[in-house]
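Have a look at the structure below, then the notes.
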2 protein chains.
Amino acid sequence: MGQVSKQARIEAIGESGFLDRLLPNLPLHRGVLVGPGDDCAVIQSGRKKLLITTDALVEGAHFRTGWLSPRQLGRKAYLVNLSDIAAMGGTPRFCVLSAGVPHGFPVRDLMRIHRGLADAARESGAAVVGGNLTHCERLFLSVTLIGGVPGQPVTRSGGRPGDFIYVTGLLGDAALGVKLLQRDPKARGGAVRRFAEPQPRLRVGQLLSKGLASAMIDVSDGLLRDLHHLCAASRVGARLEIDRVPCSAAVRRADPMLALTGGEDYELLWTISPRRSSHMERLRQKFDCTFTRIGQLMPRSYGIRIYDGRRRVRVDRDGFDHLRGEQMR
Amino acid sequence: MGQVSKQARIEAIGESGFLDRLLPNLPLHRGVLVGPGDDCAVIQSGRKKLLITTDALVEGAHFRTGWLSPRQLGRKAYLVNLSDIAAMGGTPRFCVLSAGVPHGFPVRDLMRIHRGLADAARESGAAVVGGNLTHCERLFLSVTLIGGVPGQPVTRSGGRPGDFIYVTGLLGDAALGVKLLQRDPKARGGAVRRFAEPQPRLRVGQLLSKGLASAMIDVSDGLLRDLHHLCAASRVGARLEIDRVPCSAAVRRADPMLALTGGEDYELLWTISPRRSSHMERLRQKFDCTFTRIGQLMPRSYGIRIYDGRRRVRVDRDGFDHLRGEQMR
């Protein structure tokens, strides 16, 4: 992390910059197996390991009024958390919702938000067990999700040089959906749906956690940024082949960069030892999403290098941070 | 709960009215011992019972800029949750912070908020294990706290007609502190400190949970409102003797009603069978706060009646709801 002046504003460093400053000062604590900085915290509770994650949707930062129905809002507030559980190979169990709503907010919409949340939780085998409701001039929905994990959770830090890098599904559609909504709040279609209704890869994450993935993260901030997080945690470099990065025809047509830097795809990015990668083909057949090999981890000194075919390229935009970006304005 | 029109706005029913509408529709779920509607949810995790609670501080609803230092904000965001753990007789263990900060928010202040939170957690034996940081035009700090509970957690629903009603400490000072801050944001003194730096009764709650309290709740919404919550959950009535309600000389001088309706005291309110109440005197000597008997539970048909000496009185204001009130405006 770079030096930041004492008067620095939060948008100058973003969430991950803040985390970089915070982490060295955090004390260790008994029972905390994985602390802040991964997709979920992992704590020991009796003989069980629990996963804990929290994430929020905020009006003006993640959506504008009218982009999402109340039901979609409630579902998405849950699903962005579910994606973090998926990225550790966990099983969701219990969640709470802390909501802030503006004066004049319709009770009916709040009921629909809650029903969307409760339905999404139930579909994944979890339950809403509590919450808090208060006033806030901007609508926010903050969910904390607690999960179990059968064996060892997959963290971001287990990647080794030589491991292949894989990703599920297609990248960039959610960011394209945002662009379309910015132009026309009534826009509909596949890309908008990808933004409005994430489909976290829970089962894929669970299967990959059975001795396959060496490291894993969900693609929520954009591929380049999340690959950077994984490499930093694993203390490795990477060679990324952007001509292999999977994206839809719509993204290719509109702006292929969205597949590298657009956030909110909620796909999984993982690494796997080459000798285990033969399992990928067999595993992929169980799911209705693609698994694509997009590069390879390298020694740390290599850094992160991006190739388009045989040509090395530079990509400046490294994904999206809700603190720094102007996406919703 | 009363009928509410389809166009109802949230401030017409408040948080507890919303909960009344929500609860009948919530499905039961395996492993959930106590669901929404108590101070904490109680879940079974292996052989252990876990408590989960979430609460938020929001600029404009709970404080105005300048009322609390960043450090106080971080501490208070934790302590209001700790009070819910105290009210079930639990032990705090792990928390996460979901924060929304406006553009331009100083990194230094955010570090101080986090330090206040982490210090308060550590002082109570817990740790911050994760979080989320995003943009919101209004500062919000939403904490989820997970705790353990050695035996049976004390819920709101175990009160029986005939049980005595007790409360810790003095009531009304925090609300008086808010009034003083509204007049002068630089106001200081005991009442302001009670608002800015809650001191949840963690140890008292733990001792009362060892077979003493039949029901318990923390006084966060105001005595009358929280007594109402406890009576509703226990399906009982109550006789409250307001001349016994403990308050400071400052509250008595300014507005004695604050002791009945002012929120954010974070004292404990509990009920106890008369034959166990002899333990109260012995127990009280272990703590530097008073225990005051302020009434008795009655059959449900009795309702909640308020007496000032031998005279029955009516009190309209039933505490404070951050959704309905105009406290911070």
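Scheme for the structure tokens: letters A, B, ... for chains in order shown; per-chain residue numbers from 1; ligand numbers from 1 in order shown.
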Residues near stretch 278-280 of chain B, cut-off 12 Å, only C-alpha atoms, skip fewer than 3 positions along chain, as a list of chain:residue names |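 The neighbour list is B:Phe164, B:Ile165, B:Tyr166, B:Val167, B:Thr168, B:Val204, B:Leu207, B:Leu208, B:Lys210, B:Gly211, B:Leu212, B:Ala213, B:Trp270, B:Thr271, B:Ile272, B:Ser273, B:Pro274, B:Arg275, B:Leu283, B:Arg284, B:Gln285, B:Lys286, B:Phe287, B:Thr290, B:Phe291, B:Thr292, B:Arg293.
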With a distance threshold of 6 Å and counting only C-alpha atoms, extract the residues of chain B near chain A and express them as a ChimeraX atom specification.
-> /B:8-10,15,35-36,41,54-55,61,104-107,129-135,322-323
Backbone DSSP call of strand (DSSP E) for stretch 229-328 of chain A, listed as JSON, numbers by chain | {"A": [237, 238, 239, 240, 241, 267, 268, 269, 270, 271, 272, 291, 292, 293, 294, 295, 296, 297, 298, 304, 305, 306, 307, 308, 311, 312, 313]}
Find the residue from B:Val149, B:Arg276, B:Pro70, B:Glu264 that sits nearest to B:Gln206; use only C-alpha atoms when measuring.
->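 Distance minimum relative to B:Gln206 lands on B:Val149.
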If you count only C-alpha atoms, which residues fall within 6 Å of B:Gly116, apart from same-chain ones fewer than 2 positions away, as a PyMOL selection string?
-> chain B and resi 71+74-75+113-114+118-119
Given the selection you just returned, output its residues as a file containing N, CA, C and O atoms, formatted as a compact mmCIF listing (two decimals), in the first residue's frame.
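Ended up saving to part.txt:
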```
# COMPACT_ATOMS: atom_id res chain seq x y z
N ARG B 71 -14.23 7.76 17.52
CA ARG B 71 -13.99 6.66 18.45
C ARG B 71 -15.26 6.28 19.21
O ARG B 71 -15.57 5.10 19.39
N GLY B 74 -17.61 4.31 16.93
CA GLY B 74 -17.21 2.91 16.78
C GLY B 74 -17.56 2.10 18.02
O GLY B 74 -18.08 0.99 17.93
N ARG B 75 -17.28 2.68 19.18
CA ARG B 75 -17.59 1.99 20.44
C ARG B 75 -19.09 1.76 20.57
O ARG B 75 -19.55 0.67 20.89
N ILE B 113 -12.92 5.11 14.06
CA ILE B 113 -14.17 4.36 14.27
C ILE B 113 -13.84 2.89 14.47
O ILE B 113 -14.33 2.24 15.40
N HIS B 114 -12.99 2.37 13.60
CA HIS B 114 -12.67 0.95 13.69
C HIS B 114 -11.93 0.63 14.97
O HIS B 114 -12.17 -0.41 15.60
N ALA B 118 -13.05 -2.00 17.74
CA ALA B 118 -12.18 -3.14 18.09
C ALA B 118 -11.84 -3.11 19.58
O ALA B 118 -11.80 -4.16 20.23
N ASP B 119 -11.62 -1.92 20.13
CA ASP B 119 -11.31 -1.81 21.56
C ASP B 119 -12.50 -2.25 22.41
O ASP B 119 -12.34 -3.00 23.37
```
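Residue neighbourhood of stretch 238-249 of chain A, excluding near-sequence residues (fewer than 2 positions): Leu170, Leu171, Val251, Arg252, Ile294, Gly295, Gln296, Leu297, Met298, Ile304, Arg305, Ile306, Tyr307 and Asp308 of chain A, at 6 Å, using only C-alpha atoms.
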Enumerate, as a ChimeraX atom specification, the complete set of residues in stretch 185-233 of chain B that a backbone-based DSSP assignment places in alpha helix (DSSP H).
-> /B:190-196,202-208,223-233
Counting only C-alpha atoms, the residue of B:Asp221, B:Asp226, B:Glu267, B:Asp255 that sits nearest B:Arg194 |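 The shortest atom-to-atom distance to B:Arg194 comes from B:Glu267.
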Would you kindly return, as a PyMOL selection string, each protein, DNA or RNA residue with an atom no farther than 9 Å from any atom of A:His228, considering only C-alpha atoms and excluding same-chain residues fewer than 2 positions away?
-> chain A and resi 223-226+230-233+237-238+304+318
Atom CA of B:Pro299 sits from atom CA of B:Met216 at a separation of 17.7 Å
